[in-house]
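Following: one structure in structure tokens, then a few remarks.
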Amino acid sequence: MSNTQNSVSIDNSVNNLITMSSLLSCKSPLTKACMGLTDPRYDPAISNNLIDQDSIWKEFSGYWGPEERIYADVGGKPRVSRFYNPNTKSGWPYRSDKMMVFRSIKVDGTRYTQKAFYFYEPAPAAFCELTPPEGLLNTVGDGVCGENGNFQFIEDFGTASYEKDGTIDLVWKNQGPDSDETAGPPKSKSSTLAPADNYGVFAYTDMGFFNVAETFTFSGENRGFLLATATATKHQPSDENFERIVSSSLSSRMPDESSFMLALKKAFDDHNVEASRVPGWVTDEEVLPKCIGNTCPDEDYLCSEGKDPNCSVSPYTEPSASLNGAGFAVIILGVLSVVGVVFYFINRHIVNKQKERYRIRFAEQIVEELGHKGSIDQLSCGDLAKEFHRIDESGDGSISKEELYEFISSGKAGVMSDHDFNALFKSLDLDGNGVINFMEFAAFMALCGQSCPHGAARRLSMAPEEIAKLIDEKKIN
């Protein structure tokens with residue numbers, strides 16, 4: 001195995017360990033804890049549904065009204081009727097210091113809708129006696145000032161947020177008709193509704209020309225009443241129509257949609273809203289439409305721009321598992337183990353090659369001493385016995401370690417370190433008794449014949465009768 005192959009093998013093994021670590025879950029004891037354990041935004045097991053996140057939305061849902069809302073300018077001064085400008089659709093020529101409000105609030109899964117209907121009484125007689133300035137009107141549409149009242153609606157659409165904290169992001173608002181009409185997303189991304197502990201809901205809406213902060217608080221037995229207080233600004237401070245408004249109202253929970261629709265129809269009648277301005281779904285006694293504005297957000301909008309978490313991708317996705325201290329320790333130990341095993345086999349390969357080299361060098365020196373011209377395989381038993389006895393200086397029929405060392409040290413087998421010599425002797429002394437007999441010597445030479453580049457690639461063979469003859473002649477042990 002080459003060094004390049006060894007390096008590739010180590011690299012592959014290490015890469016495999018790293019790949020295996022990347023497949024671990026964040027729930028593994030070898031990785032850092034899942035972020036979802038401490039941050040609900042990253043936990044897919046936590047529901048996106050609003051009521052699951054905060055039960056306040058279940059209480060907030062339903063039909064509320066009628067509520068009498070009192071409006072005043074900051075400082076307590078009642079709001080007054082204003083002439084209507086049909087070009088800018090500003091001003092409201094109806095009684096504006098109080099109104100009757102009905103609310104339909106629905107929280108379903110990740111979606112929120114509120115439809116609020118505001119009913120205004122006819123303008124006071126004193127206002128109707130005034131002559132409107134040029135281009136302005138004292139009524140909206142075909143109604144008569146002082147006789148016909150009017151209505152407006154505000155329709156909110158919202159979705160649950162990625163925060164999973166019960167917050168609702170307001171993503172679309174319809175308002176109208178006629179005065180301060182709008183349809184589209186709020187100006188600010190901070191337009192939200194949020195639970196206020198267990199007592200109510202806080203809402204903030206920024207529509208550019210109209211900003212309102214409103215608090216809804218439950219009260220009464222079984223929390224059957226909704227107290228709403230609000231502060232708002234209308235138009236920019238530099239605008240002549242700029243208003244600062246405070247309001248409050250108290251409404252009761254209505255039993256069902258049927259009761260709500262009957263009360264709504266009655267409110268149109270009680271306020272003498274001009275017939276052409278009454279929506280068809282009211283006069284036809286239909287159910288409350290899903291959307292009452294002229295422009296409504298569709299499913300694609302609620303999922304894309306509205307970022308409904310049930311149909312969009314949350315930015316809070318659990319990242320890939322990363323190793324903790326224990327994980328790094330395991331990976332490091334694994335890498336070291338792989339490297340150790342690879343280097344063990346590399347070293348073993350090198351040692352075997354060294355053994356092979358000094359065996360061949362030793363055997364070739366034996367052949368040279370004998371003056372043999374052929375391959376090692378072709379040596380006869382007599383040739384081997386002659387060389388065996390030459391190394392066996394004591395003549396006791398075996399070669400001791402000292403005798404072999406004397407032969408090696410003479411330089412006849414080349415220069416050899418003590419370490420290599422010990423390895424050579426161990427290779428010759430097959431039975432480990434500390435001396436080398438002729439059979440071990442011959443076997444070693446036969447093995448060398450296989451390794452020697454001049455060999456015939458076949459094991460040295462000796463006829464049994466030839467070996468017996470040598471033993472009988474006391475030439476070998």
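Chain labels follow the order of the structure tokens: the first chain is A, the next B, and so on; residue numbering restarts at 1 in every chain, and ligands are counted from 1 in their shown order.
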
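The list of residues with at least one atom within 9 Å of range 108-111 of chain A, based on only C-alpha atoms and without residues fewer than 3 positions apart in the same chain, reads A:Asn48, A:Asn49, A:Leu50, A:Ile51, A:Asp52, A:Phe157, A:Gly158, A:Thr159, A:Ala160, A:Ser161, A:Ile168, A:Leu302, A:Asp308, A:Pro309, A:Asn310.
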
Just to be explicit: take each residue in the selection above, keep N, CA and C atoms, and write the result as a CSV table (one decimal), in the first residue's frame.
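The resulting selection_1.csv:
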```
chain,number,residue,atom,x,y,z
A,48,ASN,N,-49.4,25.8,15.8
A,48,ASN,CA,-49.5,27.2,15.2
A,48,ASN,C,-50.8,27.8,15.5
A,49,ASN,N,-51.8,27.0,15.9
A,49,ASN,CA,-53.2,27.5,16.1
A,49,ASN,C,-53.2,28.4,17.3
A,50,LEU,N,-53.9,29.5,17.1
A,50,LEU,CA,-54.0,30.6,18.1
A,50,LEU,C,-54.6,30.1,19.4
A,51,ILE,N,-55.7,29.4,19.4
A,51,ILE,CA,-56.3,29.0,20.6
A,51,ILE,C,-55.5,28.0,21.4
A,52,ASP,N,-54.7,27.2,20.7
A,52,ASP,CA,-53.8,26.3,21.4
A,52,ASP,C,-52.6,27.1,22.1
A,157,PHE,N,-58.2,41.4,9.0
A,157,PHE,CA,-57.7,40.0,8.8
A,157,PHE,C,-56.3,39.8,9.4
A,158,GLY,N,-56.2,38.7,10.1
A,158,GLY,CA,-54.9,38.5,10.7
A,158,GLY,C,-54.5,37.0,10.7
A,159,THR,N,-53.2,36.8,10.9
A,159,THR,CA,-52.7,35.4,11.0
A,159,THR,C,-51.9,35.2,12.2
A,160,ALA,N,-51.7,34.0,12.7
A,160,ALA,CA,-50.8,33.7,13.8
A,160,ALA,C,-49.4,34.0,13.3
A,161,SER,N,-48.5,34.3,14.3
A,161,SER,CA,-47.2,34.7,13.9
A,161,SER,C,-46.2,33.5,14.1
A,168,ILE,N,-51.2,37.9,17.1
A,168,ILE,CA,-51.8,37.9,15.8
A,168,ILE,C,-51.2,39.1,15.0
A,302,LEU,N,-52.7,35.4,2.0
A,302,LEU,CA,-52.6,35.1,3.4
A,302,LEU,C,-51.4,34.2,3.7
A,308,ASP,N,-49.0,33.2,6.9
A,308,ASP,CA,-49.7,32.2,7.8
A,308,ASP,C,-48.7,31.0,8.0
A,309,PRO,N,-48.4,30.7,9.3
A,309,PRO,CA,-47.4,29.7,9.5
A,309,PRO,C,-47.8,28.3,9.1
A,310,ASN,N,-49.2,28.1,8.9
A,310,ASN,CA,-49.6,26.8,8.4
A,310,ASN,C,-49.4,26.6,6.9
```

> If we count only C-alpha atoms, what is near Phe242 in chain A at a cut-off of 12 Å, once residues fewer than 3 positions away on the same chain are taken out, given as a count of residues only?
Replying inline: 16

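Atom pair CA of Trp172 in chain A / CA of Asp300 in chain A: separated by 13.1 Å.
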
>> Nearest residue to Thr295 in chain A out of A:Glu121, A:Asp418, A:Asp39, A:Glu181, using only C-alpha atoms?
In response: A:Glu181

> Smallest atom-to-atom distance to Pro289 in chain A: which of A:Cys311, A:Val435, A:Met261, A:Ala228, using only C-alpha atoms?
Replying inline: A:Met261

>> Calculated over only C-alpha atoms, which of the candidates A:Val287, A:Ala321, A:Val171, A:Ala442 has the smallest distance to Met35 in chain A?
In response: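 Among A:Val287, A:Ala321, A:Val171, A:Ala442, it is A:Ala321 that comes nearest to Met35 in chain A.
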
>> Could you list, as a VMD selection string, every residue within 12 Å of Gly224 in chain A, counting only C-alpha atoms and ignoring same-chain residues fewer than 2 positions away?
In response: chain A and resid 59 to 65 217 to 222 226 to 227 250 to 255

>> Using DSSP secondary structure from the backbone, list all strand (DSSP E) positions within range 210-365 of chain A, as a ChimeraX atom specification.
In response: /A:210-219,225-234,243-254

> Tell me, which residues of range 204-263 of chain A carry DSSP helix (DSSP H, G or I), written as number ranges by chain?
Replying inline: A: 221-223, 257-263

Now that the selection is made, can you save its residues with C-alpha atoms as a PDB file, in the first residue's frame?
```
ATOM      1  CA  GLU A 221     -70.079  37.482  35.554  1.00  0.00           C
ATOM      2  CA  ASN A 222     -68.623  34.670  33.439  1.00  0.00           C
ATOM      3  CA  ARG A 223     -66.604  37.367  31.651  1.00  0.00           C
ATOM      4  CA  GLU A 257     -74.878  34.604  14.631  1.00  0.00           C
ATOM      5  CA  SER A 258     -78.627  34.600  14.176  1.00  0.00           C
ATOM      6  CA  SER A 259     -79.071  36.963  17.114  1.00  0.00           C
ATOM      7  CA  PHE A 260     -76.239  39.101  15.800  1.00  0.00           C
ATOM      8  CA  MET A 261     -77.790  39.404  12.322  1.00  0.00           C
ATOM      9  CA  LEU A 262     -81.213  40.351  13.738  1.00  0.00           C
ATOM     10  CA  ALA A 263     -79.632  43.026  15.949  1.00  0.00           C
TER      11      ALA A 263
END
```

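Within 10 Å of Leu137 in chain A, once only C-alpha atoms are used and residues closer than 3 positions along the same chain are dropped, the contacting residues are Arg82, Phe83, Tyr84, Asn85, Pro86, Gly91, Trp92, Pro93, Thr131, Pro132, Pro133, Glu134, Val140, Gly141 and Cys145 of chain A.
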
>> Can you pull out the residues contacting Thr182 in chain A? Cut-off 9 Å, using only C-alpha atoms, and skip same-chain residues under 3 positions away; I want them as a VMD selection string.
In response: chain A and resid 173 to 177 207

Using only all heavy atoms, please write the residues we just selected to a file, as an mmCIF file, in the first residue's frame.
```
data_model
loop_
_atom_site.group_PDB
_atom_site.id
_atom_site.type_symbol
_atom_site.label_atom_id
_atom_site.label_comp_id
_atom_site.auth_asym_id
_atom_site.auth_seq_id
_atom_site.Cartn_x
_atom_site.Cartn_y
_atom_site.Cartn_z
ATOM 1 N N LYS A 173 -56.718 45.231 6.106
ATOM 2 C CA LYS A 173 -57.810 45.990 6.722
ATOM 3 C C LYS A 173 -58.670 46.604 5.631
ATOM 4 O O LYS A 173 -58.154 47.236 4.688
ATOM 5 C CB LYS A 173 -57.272 47.089 7.629
ATOM 6 C CG LYS A 173 -58.380 47.939 8.284
ATOM 7 C CD LYS A 173 -57.816 49.032 9.153
ATOM 8 C CE LYS A 173 -57.364 48.513 10.492
ATOM 9 N NZ LYS A 173 -58.481 48.150 11.380
ATOM 10 N N ASN A 174 -59.975 46.399 5.766
ATOM 11 C CA ASN A 174 -60.955 47.093 4.928
ATOM 12 C C ASN A 174 -61.703 48.087 5.810
ATOM 13 O O ASN A 174 -62.068 47.766 6.947
ATOM 14 C CB ASN A 174 -61.957 46.110 4.322
ATOM 15 C CG ASN A 174 -61.331 45.237 3.252
ATOM 16 O OD1 ASN A 174 -60.428 45.661 2.538
ATOM 17 N ND2 ASN A 174 -61.803 44.004 3.132
ATOM 18 N N GLN A 175 -61.914 49.270 5.291
ATOM 19 C CA GLN A 175 -62.634 50.292 6.056
ATOM 20 C C GLN A 175 -63.455 51.139 5.101
ATOM 21 O O GLN A 175 -63.011 51.480 4.013
ATOM 22 C CB GLN A 175 -61.647 51.175 6.821
ATOM 23 C CG GLN A 175 -62.308 52.230 7.708
ATOM 24 C CD GLN A 175 -61.284 52.921 8.597
ATOM 25 O OE1 GLN A 175 -60.403 52.267 9.153
ATOM 26 N NE2 GLN A 175 -61.395 54.241 8.733
ATOM 27 N N GLY A 176 -64.665 51.476 5.503
ATOM 28 C CA GLY A 176 -65.533 52.293 4.655
ATOM 29 C C GLY A 176 -66.983 52.072 5.063
ATOM 30 O O GLY A 176 -67.241 51.571 6.161
ATOM 31 N N PRO A 177 -67.909 52.361 4.218
ATOM 32 C CA PRO A 177 -67.684 52.986 2.899
ATOM 33 C C PRO A 177 -67.585 54.513 3.002
ATOM 34 O O PRO A 177 -67.896 55.096 4.029
ATOM 35 C CB PRO A 177 -68.934 52.577 2.133
ATOM 36 C CG PRO A 177 -69.998 52.473 3.192
ATOM 37 C CD PRO A 177 -69.307 51.982 4.427
ATOM 38 N N MET A 207 -52.486 52.569 10.057
ATOM 39 C CA MET A 207 -52.902 52.638 8.661
ATOM 40 C C MET A 207 -52.369 53.879 7.964
ATOM 41 O O MET A 207 -52.813 54.243 6.891
ATOM 42 C CB MET A 207 -54.429 52.609 8.571
ATOM 43 C CG MET A 207 -55.048 51.301 8.991
ATOM 44 S SD MET A 207 -54.464 49.885 8.016
ATOM 45 C CE MET A 207 -55.094 50.278 6.387
#
```

>> Would you compute the distance between CA of Pro29 in chain A and CA of Ile46 in chain A? Give it in Å to one decimal.
In response: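 Going from CA of Pro29 in chain A over to CA of Ile46 in chain A, I get 22.6 Å.
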
> Which one is closest to Leu288 in chain A: A:Met99, A:Leu30, A:Leu264, A:Ala194? Count only C-alpha atoms.
Replying inline: A:Leu264
